[in-house]
$ cat work29.tsv   # TSV, C-alpha atoms
chain	number	residue	atom	x	y	z
A	265	MET	CA	117.02	99.08	112.01
A	266	GLU	CA	118.08	98.95	108.38
A	267	ILE	CA	116.47	101.16	105.74
A	268	ARG	CA	117.07	100.89	102.01
A	269	VAL	CA	117.01	104.32	100.37
A	270	ARG	CA	116.55	104.64	96.61
A	271	LEU	CA	117.44	107.76	94.67
A	272	PHE	CA	116.36	108.89	91.22
A	273	ALA	CA	117.07	111.58	88.62
A	274	ALA	CA	118.92	114.72	89.79
A	275	PRO	CA	119.78	113.63	93.38
A	276	ARG	CA	120.90	110.21	92.10
A	277	GLU	CA	123.20	111.89	89.62
A	278	ALA	CA	124.53	114.34	92.20
A	279	LEU	CA	125.39	111.60	94.68
A	280	GLY	CA	126.50	109.10	92.05
A	281	LYS	CA	124.49	106.31	93.69
A	282	SER	CA	121.00	104.96	93.15
A	283	GLU	CA	120.81	103.16	96.49
A	284	ILE	CA	122.05	103.70	100.05
A	285	GLU	CA	121.69	101.43	103.10
A	286	VAL	CA	121.05	103.42	106.29
A	287	SER	CA	121.07	102.21	109.91
A	288	LEU	CA	118.78	104.24	112.18
A	289	PRO	CA	117.28	103.82	115.67
A	290	ASP	CA	113.80	102.30	115.87
A	291	GLY	CA	110.90	104.75	115.72
A	292	VAL	CA	112.38	107.33	113.37
A	293	THR	CA	110.19	109.04	110.80
A	294	VAL	CA	110.65	109.91	107.14
A	295	ALA	CA	111.55	113.46	108.23
A	296	ASP	CA	114.28	112.08	110.53
A	297	LEU	CA	115.66	109.99	107.68
A	298	ILE	CA	115.78	113.02	105.36
A	299	GLU	CA	117.65	115.01	108.04
A	300	HIS	CA	120.07	112.11	108.41
A	301	LEU	CA	120.65	112.00	104.65
A	302	LYS	CA	121.27	115.77	104.49
A	303	THR	CA	123.89	115.47	107.23
A	304	ALA	CA	125.57	112.35	105.88
A	305	HIS	CA	125.44	113.53	102.25
A	306	PRO	CA	125.42	117.36	102.15
A	307	ILE	CA	125.18	117.31	98.36
A	308	LEU	CA	121.58	116.07	98.76
A	309	ARG	CA	120.55	119.29	100.57
A	310	ALA	CA	119.86	120.98	97.25
A	311	TYR	CA	117.21	118.39	96.37
A	312	THR	CA	115.07	117.99	99.49
A	313	ARG	CA	112.82	121.06	99.21
A	314	PHE	CA	110.41	119.62	96.65
A	315	LEU	CA	111.00	115.97	97.47
A	316	SER	CA	108.14	113.48	97.68
A	317	VAL	CA	108.73	110.24	99.54
A	318	ALA	CA	107.39	106.74	98.95
A	319	VAL	CA	107.70	103.96	101.51
A	320	ASN	CA	107.41	100.48	100.05
A	321	ARG	CA	106.18	102.04	96.78
A	322	ALA	CA	103.37	104.22	98.16
A	323	TYR	CA	103.50	108.00	98.61
A	324	VAL	CA	103.56	108.93	102.32
A	325	GLY	CA	103.79	112.04	104.50
A	326	TRP	CA	107.04	112.96	106.20
A	327	GLU	CA	105.60	112.18	109.65
A	328	THR	CA	105.35	108.49	108.69
A	329	GLU	CA	107.21	106.15	111.03
A	330	LEU	CA	109.71	103.79	109.41
A	331	HIS	CA	110.25	100.12	110.11
A	332	ASP	CA	113.14	97.70	109.68
A	333	GLY	CA	113.51	96.63	106.07
A	334	ASP	CA	111.48	99.49	104.60
A	335	GLU	CA	112.34	100.69	101.12
A	336	VAL	CA	112.24	104.49	101.10
A	337	ALA	CA	112.30	106.20	97.69
A	338	CYS	CA	113.27	109.87	97.41
A	339	LEU	CA	111.22	111.19	94.51
A	340	PRO	CA	112.07	114.58	93.02
A	341	PRO	CA	109.31	116.38	91.07
A	342	VAL	CA	108.19	113.94	88.36
A	343	GLY	CA	108.22	114.68	84.65
A	344	GLY	CA	107.04	111.75	82.60
A	345	GLY	CA	105.11	111.85	79.36
B	213	MET	CA	99.90	91.27	77.55
B	214	LYS	CA	100.55	93.94	80.11
B	215	LEU	CA	98.24	96.94	80.11
B	216	TYR	CA	100.57	99.03	82.27
B	217	GLU	CA	104.21	98.81	81.40
B	218	ILE	CA	107.58	100.55	81.78
B	219	THR	CA	109.90	99.38	79.02
B	220	PRO	CA	113.37	100.17	77.68
B	221	ASP	CA	112.26	99.11	74.19
B	222	PRO	CA	110.73	101.24	71.42
B	223	ILE	CA	106.93	101.46	71.74
B	224	SER	CA	104.65	100.57	68.83
B	225	THR	CA	101.28	102.33	68.90
B	226	ASP	CA	99.76	99.45	66.93
B	227	ASP	CA	101.00	97.02	69.56
B	228	VAL	CA	99.43	99.04	72.39
B	229	VAL	CA	96.12	99.34	70.50
B	230	ALA	CA	96.18	95.59	69.87
B	231	ARG	CA	96.27	95.00	73.62
B	232	LEU	CA	92.71	96.41	73.78
B	233	ALA	CA	91.30	94.24	70.99
B	234	ASN	CA	87.84	93.01	71.90
B	235	PRO	CA	84.68	92.46	69.82
B	236	ALA	CA	82.72	94.68	72.25
B	237	VAL	CA	84.96	97.66	71.50
B	238	GLY	CA	83.82	100.27	68.97
B	239	ALA	CA	86.22	103.12	69.76
B	240	ILE	CA	89.88	103.36	70.74
B	241	ALA	CA	91.52	106.74	71.35
B	242	THR	CA	95.30	106.97	71.52
B	243	PHE	CA	97.79	109.53	72.76
B	244	VAL	CA	101.43	109.39	71.70
B	245	GLY	CA	103.90	111.57	73.58
B	246	VAL	CA	106.99	112.09	71.41
B	247	VAL	CA	110.40	113.58	72.07
B	248	ARG	CA	110.48	117.22	70.95
B	249	GLY	CA	113.67	118.66	69.50
B	250	GLU	CA	113.49	122.03	71.25
B	251	THR	CA	112.13	123.65	74.40
B	252	ASP	CA	111.83	127.43	74.79
B	253	GLY	CA	114.02	127.91	71.72
B	254	LYS	CA	116.84	125.69	73.00
B	255	GLU	CA	117.77	122.67	70.92
B	256	THR	CA	117.48	119.29	72.63
B	257	LEU	CA	119.88	116.56	71.47
B	258	TYR	CA	117.99	113.71	73.14
B	259	LEU	CA	116.05	112.87	76.31
B	260	GLU	CA	117.00	110.49	79.06
B	261	TYR	CA	114.01	108.94	80.87
B	262	GLU	CA	114.26	107.24	84.23
B	263	ALA	CA	111.55	105.52	86.28
B	264	TYR	CA	111.09	103.83	89.62
B	265	PRO	CA	109.84	100.87	87.61
B	266	GLU	CA	108.07	98.79	90.27
B	267	MET	CA	106.17	101.81	91.61
B	268	ALA	CA	105.62	103.38	88.19
B	269	GLU	CA	103.79	100.34	86.80
B	270	ALA	CA	101.60	100.25	89.92
B	271	THR	CA	100.93	103.98	89.51
B	272	LEU	CA	99.90	103.53	85.87
B	273	ALA	CA	97.51	100.78	86.99
B	274	ARG	CA	96.12	103.15	89.64
B	275	ILE	CA	95.46	105.75	86.92
B	276	GLY	CA	93.57	103.06	85.01
B	277	ASP	CA	91.52	102.29	88.14
B	278	GLU	CA	90.69	105.98	88.54
B	279	ILE	CA	89.49	106.12	84.93
B	280	HIS	CA	87.25	103.08	85.38
B	281	GLU	CA	85.73	104.72	88.45
B	282	ARG	CA	85.09	108.07	86.75
B	283	TRP	CA	83.95	106.74	83.39
B	284	PRO	CA	82.27	103.34	83.82
B	285	SER	CA	81.72	103.14	80.05
B	286	ILE	CA	85.49	102.84	79.47
B	287	ARG	CA	86.27	99.21	78.81
B	288	GLU	CA	90.06	99.10	79.03
B	289	VAL	CA	93.07	101.36	79.43
B	290	ALA	CA	96.66	100.67	78.38
B	291	ILE	CA	99.55	102.93	79.37
B	292	VAL	CA	103.10	102.17	78.23
B	293	HIS	CA	106.08	104.43	79.02
B	294	ARG	CA	109.60	104.02	77.76
B	295	VAL	CA	112.82	104.63	79.72
B	296	GLY	CA	116.44	105.16	78.71
B	297	ARG	CA	117.84	107.36	75.97
B	298	LEU	CA	115.21	108.53	73.46
B	299	GLU	CA	115.97	110.34	70.23
B	300	ILE	CA	113.97	113.23	68.79
B	301	GLY	CA	110.64	112.01	67.36
B	302	GLU	CA	110.57	108.72	69.26
B	303	ALA	CA	107.53	107.80	71.36
B	304	ALA	CA	108.08	108.25	75.09
B	305	THR	CA	104.58	107.16	76.02
B	306	VAL	CA	101.59	105.57	74.30
B	307	ILE	CA	98.18	105.57	75.97
B	308	ALA	CA	95.10	103.84	74.58
B	309	VAL	CA	91.54	103.92	75.92
B	310	SER	CA	88.72	101.74	74.61
B	311	ALA	CA	84.94	101.76	74.89
B	312	ALA	CA	81.89	100.45	73.07
B	313	HIS	CA	81.18	103.97	71.81
B	314	ARG	CA	83.31	107.06	71.31
B	315	SER	CA	81.64	109.47	73.71
B	316	GLU	CA	83.96	109.32	76.72
B	317	VAL	CA	87.24	107.99	75.32
B	318	PHE	CA	88.63	111.50	74.70
B	319	ASP	CA	88.03	112.78	78.24
B	320	ALA	CA	89.46	109.59	79.72
B	321	LEU	CA	92.52	109.81	77.46
B	322	ARG	CA	93.18	113.41	78.47
B	323	TYR	CA	92.84	112.43	82.13
B	324	ALA	CA	95.33	109.57	81.69
B	325	ILE	CA	98.15	111.71	80.29
B	326	ASP	CA	97.52	114.54	82.76
B	327	ARG	CA	97.62	112.13	85.72
B	328	LEU	CA	100.69	110.36	84.36
B	329	LYS	CA	102.57	113.67	84.31
B	330	GLU	CA	101.28	114.49	87.78
B	331	ILE	CA	101.90	111.31	89.79
B	332	ALA	CA	103.88	108.63	87.90
B	333	PRO	CA	107.43	108.31	89.31
B	334	ILE	CA	109.09	108.96	85.95
B	335	TRP	CA	111.72	111.64	85.23
B	336	LYS	CA	113.19	113.12	82.10
B	337	LYS	CA	116.48	114.85	81.49
B	338	GLU	CA	116.85	117.19	78.55
B	339	VAL	CA	120.33	116.89	77.13
B	340	TRP	CA	121.73	119.85	75.18
B	341	ALA	CA	125.04	120.39	73.41
B	342	ASP	CA	126.28	122.29	76.49
B	343	GLY	CA	124.71	120.39	79.39
B	344	GLY	CA	121.33	119.15	80.52
B	345	GLU	CA	118.60	119.41	83.12
B	346	TRP	CA	116.04	117.16	84.82
B	347	LYS	CA	112.67	118.71	83.95
B	348	SER	CA	109.35	118.80	85.72
B	349	GLU	CA	106.27	120.76	84.75
B	350	ALA	CA	105.41	120.98	88.44
B	351	ILE	CA	108.61	122.77	89.46
B	352	LYS	CA	110.47	125.22	87.25
B	353	ALA	CA	114.23	125.45	87.59
B	354	SER	CA	113.96	129.02	88.94
B	355	ASP	CA	112.04	127.75	91.98
B	356	THR	CA	114.93	125.58	93.08
B	357	ASP	CA	117.45	128.43	93.31
B	358	PHE	CA	116.83	128.80	97.04
B	359	ALA	CA	116.62	125.11	97.85
B	360	ASN	CA	117.66	124.43	101.46
$ encode --input "work29.tsv" --output "structure tokens"
Amino acid sequence: MEIRVRLFAAPREALGKSEIEVSLPDGVTVADLIEHLKTAHPILRAYTRFLSVAVNRAYVGWETELHDGDEVACLPPVGGG
Amino acid sequence: MKLYEITPDPISTDDVVARLANPAVGAIATFVGVVRGETDGKETLYLEYEAYPEMAEATLARIGDEIHERWPSIREVAIVHRVGRLEIGEAATVIAVSAAHRSEVFDALRYAIDRLKEIAPIWKKEVWADGGEWKSEAIKASDTDFAN
């Protein structure tokens, strides 16, 4: 299945991309995706400790199962205002 | 007019207040978050704000929903946040809360800015003469030294 990953702020800058397309087997979870990203893009390892994740624009837990076409956003600690 | 908005354009407080105009309203409280020129004694040249715009606008609307639940006397809430490069003194966010009477607008306003900082997918980078850093009140830079 195809997952669209969006990156923001520090990890986006580090990788130099705001979006990545990832192909993964059916049934993987958010945690599996993060592991995949850390392996495929080691520079992202520095940013996963305090990462929140949103699937299709809603915050979710890392045990959440992903589905084909999901948009997964990697959200570092926020700092608006 | 949108009550919850992420915009690259300068924000006018008057414009945000005008979005709440209604004959039933007797009190409007506003909060303006502006770009500060120094943090912990270090001079900031400018700030760079970034948002996940689709989710951020939905999150601002959710904060408004939470306020209406907690304070039923609040009539309307408007939250506007700017993105892009902001110079010192410019408004990064303007929040306005309206009600028939003044009693609860201050508590609701305080709640709105606190929740925005807590949950809205918006980030800011402080840019200095010799570098810069993405800042969060939730996580200090020292905590990330041992990131996996």
$ closest_residue --input "work29.tsv" --among "B:Pro265, B:Gly296, B:Pro235, B:Gly344" --to "Arg270 of chain A" --atoms "only C-alpha atoms"
B:Pro265
$ closest_residue --input "work29.tsv" --among "A:Glu277, A:Asp332, A:Glu266, A:Glu327" --to "chain B" --atoms "only C-alpha atoms"
A:Glu277
$ closest_atom_pairs --input "work29.tsv" --of "chain B" --to "chain A" --cutoff "6 Å" --atoms "only C-alpha atoms" --output "JSON lines"
{"residue": "B:Gly245", "atom": "CA", "partner": "A:Gly345", "partner_atom": "CA", "distance": 5.9}
{"residue": "B:Met267", "atom": "CA", "partner": "A:Arg321", "partner_atom": "CA", "distance": 5.2}
{"residue": "B:Thr305", "atom": "CA", "partner": "A:Gly345", "partner_atom": "CA", "distance": 5.8}
{"residue": "B:Lys329", "atom": "CA", "partner": "A:Gly344", "partner_atom": "CA", "distance": 5.2}
{"residue": "B:Pro333", "atom": "CA", "partner": "A:Val342", "partner_atom": "CA", "distance": 5.8}
{"residue": "B:Ile334", "atom": "CA", "partner": "A:Gly344", "partner_atom": "CA", "distance": 4.8}
{"residue": "B:Trp335", "atom": "CA", "partner": "A:Gly343", "partner_atom": "CA", "distance": 4.7}
{"residue": "B:Lys336", "atom": "CA", "partner": "A:Gly343", "partner_atom": "CA", "distance": 5.8}
{"residue": "B:Ser348", "atom": "CA", "partner": "A:Gly343", "partner_atom": "CA", "distance": 4.4}
{"residue": "B:Ala359", "atom": "CA", "partner": "A:Ala310", "partner_atom": "CA", "distance": 5.3}
{"residue": "B:Asn360", "atom": "CA", "partner": "A:Ala310", "partner_atom": "CA", "distance": 5.9}
$ atom_distance --input "work29.tsv" --atom1 "atom CA of Tyr323 of chain B" --atom2 "atom CA of Ala303 of chain B"
18.8 Å
$ residues_around --input "work29.tsv" --residues "Val319 of chain A" --least-positions-apart "3" --cutoff "10 Å" --atoms "all atoms listed in the file" --output "PyMOL selection string"
chain A and resi 268-269+294+322-325+328-331+334-338
$ residues_near_point --input "work29.tsv" --point "(92.2, 108.0, 77.6)" --cutoff "10 Å" --atoms "all atoms listed in the file" --output "list in words"
Ile240, Ala241, Thr242, Phe243, Gly276, Ile279, Ile286, Glu288, Val289, Ala290, Ile291, Ile307, Ala308, Val309, Ser310, Ala311, Glu316, Val317, Phe318, Asp319, Ala320, Leu321, Arg322, Tyr323, Ala324, Ile325 and Asp326 of chain B
$ atom_distance --input "work29.tsv" --atom1 "atom CA of Leu259 of chain B" --atom2 "atom CA of Leu298 of chain B"
5.3 Å
$ closest_residue --input "work29.tsv" --among "A:His305, A:Trp326, A:Val317, A:Gly333" --to "Ser287 of chain A" --atoms "all atoms listed in the file"
A:Gly333
$ closest_residue --input "work29.tsv" --among "B:Thr256, B:Asn234, B:Ser224, B:Thr271" --to "Ala332 of chain B" --atoms "only C-alpha atoms"
B:Thr271
$ build_atoms --input "work29.tsv" --residues "segment 328-344 of chain A" --atoms "N, CA and C atoms" --output "PDB file, keeping the file's coordinate frame"
ATOM      1  N   THR A 328     105.503 109.954 108.670  1.00  0.00           N
ATOM      2  CA  THR A 328     105.350 108.490 108.690  1.00  0.00           C
ATOM      3  C   THR A 328     106.516 107.803 109.396  1.00  0.00           C
ATOM      4  N   GLU A 329     106.190 106.884 110.312  1.00  0.00           N
ATOM      5  CA  GLU A 329     107.210 106.150 111.030  1.00  0.00           C
ATOM      6  C   GLU A 329     107.760 105.020 110.152  1.00  0.00           C
ATOM      7  N   LEU A 330     109.068 104.816 110.240  1.00  0.00           N
ATOM      8  CA  LEU A 330     109.710 103.790 109.410  1.00  0.00           C
ATOM      9  C   LEU A 330     109.914 102.509 110.214  1.00  0.00           C
ATOM     10  N   HIS A 331     110.035 101.417 109.474  1.00  0.00           N
ATOM     11  CA  HIS A 331     110.250 100.120 110.110  1.00  0.00           C
ATOM     12  C   HIS A 331     111.409  99.392 109.427  1.00  0.00           C
ATOM     13  N   ASP A 332     112.000  98.462 110.180  1.00  0.00           N
ATOM     14  CA  ASP A 332     113.140  97.700 109.680  1.00  0.00           C
ATOM     15  C   ASP A 332     112.809  97.071 108.330  1.00  0.00           C
ATOM     16  N   GLY A 333     113.707  97.239 107.372  1.00  0.00           N
ATOM     17  CA  GLY A 333     113.510  96.630 106.070  1.00  0.00           C
ATOM     18  C   GLY A 333     112.716  97.471 105.080  1.00  0.00           C
ATOM     19  N   ASP A 334     112.242  98.640 105.521  1.00  0.00           N
ATOM     20  CA  ASP A 334     111.480  99.490 104.600  1.00  0.00           C
ATOM     21  C   ASP A 334     112.343  99.941 103.430  1.00  0.00           C
ATOM     22  N   GLU A 335     111.694 100.084 102.284  1.00  0.00           N
ATOM     23  CA  GLU A 335     112.340 100.690 101.120  1.00  0.00           C
ATOM     24  C   GLU A 335     111.777 102.100 100.991  1.00  0.00           C
ATOM     25  N   VAL A 336     112.656 103.094 101.156  1.00  0.00           N
ATOM     26  CA  VAL A 336     112.240 104.490 101.100  1.00  0.00           C
ATOM     27  C   VAL A 336     112.783 105.090  99.808  1.00  0.00           C
ATOM     28  N   ALA A 337     111.873 105.605  98.957  1.00  0.00           N
ATOM     29  CA  ALA A 337     112.300 106.200  97.690  1.00  0.00           C
ATOM     30  C   ALA A 337     112.170 107.712  97.790  1.00  0.00           C
ATOM     31  N   CYS A 338     113.257 108.406  97.450  1.00  0.00           N
ATOM     32  CA  CYS A 338     113.270 109.870  97.410  1.00  0.00           C
ATOM     33  C   CYS A 338     112.912 110.284  95.990  1.00  0.00           C
ATOM     34  N   LEU A 339     111.752 110.925  95.836  1.00  0.00           N
ATOM     35  CA  LEU A 339     111.220 111.190  94.510  1.00  0.00           C
ATOM     36  C   LEU A 339     111.207 112.697  94.234  1.00  0.00           C
ATOM     37  N   PRO A 340     112.114 113.183  93.407  1.00  0.00           N
ATOM     38  CA  PRO A 340     112.070 114.580  93.020  1.00  0.00           C
ATOM     39  C   PRO A 340     110.833 114.831  92.148  1.00  0.00           C
ATOM     40  N   PRO A 341     110.498 116.105  91.885  1.00  0.00           N
ATOM     41  CA  PRO A 341     109.310 116.380  91.070  1.00  0.00           C
ATOM     42  C   PRO A 341     109.331 115.570  89.759  1.00  0.00           C
ATOM     43  N   VAL A 342     108.218 114.886  89.476  1.00  0.00           N
ATOM     44  CA  VAL A 342     108.190 113.940  88.360  1.00  0.00           C
ATOM     45  C   VAL A 342     107.999 114.684  87.040  1.00  0.00           C
ATOM     46  N   GLY A 343     108.329 114.015  85.952  1.00  0.00           N
ATOM     47  CA  GLY A 343     108.220 114.680  84.650  1.00  0.00           C
ATOM     48  C   GLY A 343     108.099 113.703  83.505  1.00  0.00           C
ATOM     49  N   GLY A 344     107.226 112.720  83.665  1.00  0.00           N
ATOM     50  CA  GLY A 344     107.040 111.750  82.600  1.00  0.00           C
ATOM     51  C   GLY A 344     106.221 112.307  81.452  1.00  0.00           C
TER      52      GLY A 344
END
